[in-house]
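Quick notes on the structure that follows.
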2 protein chains.
Amino acid sequence: MRIVVLAGGIGGARFLRGLKAAAPEADITVIGNTGDDIHLFGLKVCPDLDTVMYTLGGGINEEQGWGRTDETFRVKEELAAYGVGPEWFGLGDRDFATHIVRTQMLGAGYPLSAVTEALCARWQPGVRLLPMSDDRVETHVAVDQDGERKAIHFQEYWVRLRASLPAHAVVPVGADQAKPAPGVLEAIAEADLVLFPPSNPVVSIGTILAVPGIREAIADTEVPVIGLSPIVGDAPVRGMADKVLAAVGVESTAAAVALHYGGAERGPVAEGGGRREGGPGLLDGWLVDSVDAGAVDEVEAAGIRCRAVPLMMTDLDATAAMARAALALAEEVRA
Amino acid sequence: MRIVVLAGGIGGARFLRGLKAAAPEADITVIGNTGDDIHLFGLKVCPDLDTVMYTLGGGINEEQGWGRTDETFRVKEELAAYGVGPEWFGLGDRDFATHIVRTQMLGAGYPLSAVTEALCARWQPGVRLLPMSDDRVETHVAVDQDGERKAIHFQEYWVRLRASLPAHAVVPVGADQAKPAPGVLEAIAEADLVLFPPSNPVVSIGTILAVPGIREAIADTEVPVIGLSPIVGDAPVRGMADKVLAAVGVESTAAAVALHYGGAERGPVAEGGGRREGGPGLLDGWLVDSVDAGAVDEVEAAGIRCRAVPLMMTDLDATAAMARAALALAEEVRA
């Protein structure tokens, strides 16, 4: 079975570990978000690709969910001693090496997809990891600071400000000009199943879908498209998805996120029930957490098959059970 | 008193520490060798400038004489795990930060002299440290490998091969097109004294002298030019100066090195007593080690005032005593 998974960082990476356990024979292609990539100290940092690569490759810091295990911060401390920042971005010594290799290869002219493949040759994540695009896309967030509306880099909003200011808009700058990376559209066209893990619907999956051709390919596919809610009991399972959902006018509920993606048959539905702009609908199936069982009817009314199951990725078993539930829902949709 | 010191790496840096102790009120300008600079992992590494900066700024690894104290090698180990080398160059985590800052500033358009000043703002070495040139100079060594004569980077010869092959030539590539960095010629013109520490006469001081204008400025100065022999008892005090001295046809003796620099009045003297090519002579005075007292007459016969004193930099006191001997010889020459 060929499965395509759209993944952001921590949520996507952890779900993928469960999926691999649930479907060890599956041929999995991951389309990774690159909208939160950032240049720091002259180095190209791809936080989401690295989180997937480190998590599946056994190099992740399990507790924090990002960065390398057994990490030190000597380089960063020394940079700070020179007065060079930013200090708010936690780039560890081991992690630096990844960015040095990536930056050197990009400088030599390799596209990010080739670089990612080269890095994965070391980590052996057991999936094919593709960046959504080889072109530069950078998610900016509009906030009010010092009496002005400003666009700041997503990482500055997310990591430095901890999403403490209202986000007035989230813009994947460059996405409209970006092309899907080699293999992305082919993987979707050849997939038996497309999954949206419980990743951020705006800044992770939303950014991937903003690359022209990807949303359309998923909307066009005849195979099941199944998502898992990143919202449990009206709050994000982790992270601050509610902050950026507000920016796109979507409530932080499991049902609202499903309607935002839209049913494959009937398209996205706006709050209040009208048609929503933003392209064709995508979902055939949607999993909500057991505590959100009350949302099932609303989601199904939008033409999306919906089931309520436990959605907390507390350990590998729980995560594998979620993946199995998604596979089962896909079979149900297919039948 | 304004003192100009031409410095390579370890020998120059340690001598400077003694000089600062011997002449705490002196205004010292160091002209640093940049011929052994190397690009590694996309970063500009300036080993000699850094050795001076770290040694005088209190950040040096005292035992090895180069690199940072309390150093770790996480970044390098991770790069090796990606298959990225070279592994033979010991770039530590703390050291990386220096090269990242330097590379970023150079990339922004600052000349190396401005970058060096910015780095020294942190280290406060207590001297004015100038690169010999803002232009790129790269010392290459001609060796026979695999049946062919090849030019390899000085660091590859010195660090990777440990100077284990005969050096057929030592060429400071780019030196003939390089201009002295801002302040270099002015410092020499305004100096009360010029010192050659016991640094490598070929790849350290020789490279600095190869930048057009520097040798001439030192030859033209009316103030004393005093050198200290890096050779004690026919062998280099440390390092492998004998390997590269052979490449320029100079014996590894305290006297031969003095005649190679040449007396300020009579110019350089070749082995056998003839005039030597390579520009005007430089030295007014030369210190040899007590074990080389027998060389004093030969050096003085070339018009260079010569004294034999202990020249082993075993500790700060011994090094300060060497600096005091150099200052005393300068007074003797001046009188």
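Ordering of the structure tokens sets the chain letters (A, B, ...); residue numbers start at 1 within each chain; ligands are numbered from 1 in the order shown.
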Which chain B residues are at most 8 Å from chain A (counting only C-alpha atoms), as a PDB file with N, CA and C atoms, in the first residue's frame?
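The resulting file, part.pdb, is shown below:
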```
ATOM      1  N   PHE B  41      33.840  23.649   5.428  1.00  0.00           N
ATOM      2  CA  PHE B  41      32.397  23.614   5.658  1.00  0.00           C
ATOM      3  C   PHE B  41      31.757  24.967   5.330  1.00  0.00           C
ATOM      4  N   GLY B  42      32.324  25.654   4.339  1.00  0.00           N
ATOM      5  CA  GLY B  42      31.766  26.952   3.965  1.00  0.00           C
ATOM      6  C   GLY B  42      32.165  28.074   4.902  1.00  0.00           C
ATOM      7  N   ARG B  74      31.405  18.128  18.909  1.00  0.00           N
ATOM      8  CA  ARG B  74      30.117  17.557  18.517  1.00  0.00           C
ATOM      9  C   ARG B  74      29.783  17.831  17.056  1.00  0.00           C
ATOM     10  N   VAL B  75      29.985  19.081  16.648  1.00  0.00           N
ATOM     11  CA  VAL B  75      29.636  19.440  15.268  1.00  0.00           C
ATOM     12  C   VAL B  75      30.469  18.606  14.301  1.00  0.00           C
ATOM     13  N   LYS B  76      31.755  18.530  14.575  1.00  0.00           N
ATOM     14  CA  LYS B  76      32.653  17.781  13.694  1.00  0.00           C
ATOM     15  C   LYS B  76      32.287  16.295  13.643  1.00  0.00           C
ATOM     16  N   GLU B  78      29.369  15.013  14.129  1.00  0.00           N
ATOM     17  CA  GLU B  78      28.124  14.867  13.362  1.00  0.00           C
ATOM     18  C   GLU B  78      28.368  15.046  11.865  1.00  0.00           C
ATOM     19  N   LEU B  79      29.231  15.980  11.524  1.00  0.00           N
ATOM     20  CA  LEU B  79      29.570  16.147  10.103  1.00  0.00           C
ATOM     21  C   LEU B  79      30.164  14.850   9.570  1.00  0.00           C
ATOM     22  N   ALA B  81      29.547  11.921  10.653  1.00  0.00           N
ATOM     23  CA  ALA B  81      28.461  10.937  10.552  1.00  0.00           C
ATOM     24  C   ALA B  81      27.688  11.106   9.242  1.00  0.00           C
ATOM     25  N   TYR B  82      27.699  12.324   8.699  1.00  0.00           N
ATOM     26  CA  TYR B  82      27.093  12.552   7.383  1.00  0.00           C
ATOM     27  C   TYR B  82      28.077  12.224   6.254  1.00  0.00           C
ATOM     28  N   VAL B  84      30.869  13.929   5.890  1.00  0.00           N
ATOM     29  CA  VAL B  84      31.431  15.212   5.479  1.00  0.00           C
ATOM     30  C   VAL B  84      32.713  15.483   6.265  1.00  0.00           C
ATOM     31  N   ASP B  93      33.659  22.867  18.736  1.00  0.00           N
ATOM     32  CA  ASP B  93      32.350  23.519  18.767  1.00  0.00           C
ATOM     33  C   ASP B  93      32.460  25.006  19.102  1.00  0.00           C
ATOM     34  N   ARG B  94      33.254  25.336  20.123  1.00  0.00           N
ATOM     35  CA  ARG B  94      33.375  26.746  20.501  1.00  0.00           C
ATOM     36  C   ARG B  94      34.068  27.523  19.389  1.00  0.00           C
ATOM     37  N   ASP B  95      35.055  26.897  18.799  1.00  0.00           N
ATOM     38  CA  ASP B  95      35.801  27.513  17.711  1.00  0.00           C
ATOM     39  C   ASP B  95      34.888  27.795  16.509  1.00  0.00           C
ATOM     40  N   PHE B  96      33.973  26.878  16.229  1.00  0.00           N
ATOM     41  CA  PHE B  96      33.043  27.061  15.113  1.00  0.00           C
ATOM     42  C   PHE B  96      32.375  28.433  15.150  1.00  0.00           C
ATOM     43  N   ALA B  97      31.985  28.851  16.358  1.00  0.00           N
ATOM     44  CA  ALA B  97      31.262  30.118  16.472  1.00  0.00           C
ATOM     45  C   ALA B  97      32.086  31.276  15.915  1.00  0.00           C
ATOM     46  N   THR B  98      33.383  31.273  16.193  1.00  0.00           N
ATOM     47  CA  THR B  98      34.262  32.326  15.670  1.00  0.00           C
ATOM     48  C   THR B  98      34.207  32.345  14.146  1.00  0.00           C
ATOM     49  N   ILE B 100      31.866  31.133  12.222  1.00  0.00           N
ATOM     50  CA  ILE B 100      30.525  31.513  11.746  1.00  0.00           C
ATOM     51  C   ILE B 100      30.387  33.034  11.747  1.00  0.00           C
ATOM     52  N   VAL B 101      30.793  33.657  12.837  1.00  0.00           N
ATOM     53  CA  VAL B 101      30.700  35.122  12.898  1.00  0.00           C
ATOM     54  C   VAL B 101      31.560  35.746  11.799  1.00  0.00           C
ATOM     55  N   GLN B 104      30.042  35.240   8.319  1.00  0.00           N
ATOM     56  CA  GLN B 104      28.863  36.074   8.124  1.00  0.00           C
ATOM     57  C   GLN B 104      29.253  37.519   7.868  1.00  0.00           C
ATOM     58  N   LEU B 119      35.924  40.750  16.223  1.00  0.00           N
ATOM     59  CA  LEU B 119      36.123  39.557  17.056  1.00  0.00           C
ATOM     60  C   LEU B 119      36.963  39.912  18.292  1.00  0.00           C
ATOM     61  N   ARG B 122      35.489  41.237  21.579  1.00  0.00           N
ATOM     62  CA  ARG B 122      35.146  40.290  22.634  1.00  0.00           C
ATOM     63  C   ARG B 122      36.385  39.859  23.424  1.00  0.00           C
TER      64      ARG B 122
END
```
DSSP-assigned strand (DSSP E or B) among stretch 99-252 of chain A, expressed as number ranges by chain = A: 128-131, 133, 138-145, 148-153, 169-173, 180, 193-196, 225-228, 231-232, 235-236
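Shortest separation to A:Gly57 among A:Gln124, A:Leu112, A:Ala26, A:Thr319 occurs at residue A:Gln124, atoms counted being only C-alpha atoms.
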Would you mind listing what lies within 8 Å of stretch 294-305 of chain B as a list of chain:residue names, with only C-alpha atoms counted and same-chain residues fewer than 2 positions away left out?
-> B:Ala254, B:Ala255, B:Ala258, B:Leu259, B:Gly262, B:Gly263, B:Ala264, B:Glu265, B:Arg266, B:Val269, B:Leu283, B:Asp284, B:Gly285, B:Trp286, B:Val288, B:Val291, B:Asp292, B:Arg307, B:Ala308, B:Leu329, B:Val333
Surrounding residues of A:Gly12 excluding itself and chain neighbours under 6 positions, 12 Å, only C-alpha atoms, as number ranges by chain | A: 5-6, 18-19, 30-33, 48-53, 55-56, 65-66, 195-201, 204-205, 227-230, 238, 313, 319, 323
In stretch 145-269 of chain A, what's alpha helix (DSSP H) per DSSP? Answer as a PyMOL selection string?
-> chain A and resi 154-155+184-190+205-209+214-220+241-247+254-261
Atom CA of B:Lys179 to atom CA of B:Ile226 measures 24.1 Å
Could you check how far atom CA of B:Tyr261 sits from atom CA of B:Leu316, in Å to one decimal?
-> 26.9 Å
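Coordinates place atom CA of A:Arg162 at a distance of 25.7 Å from atom CA of A:Asp289.
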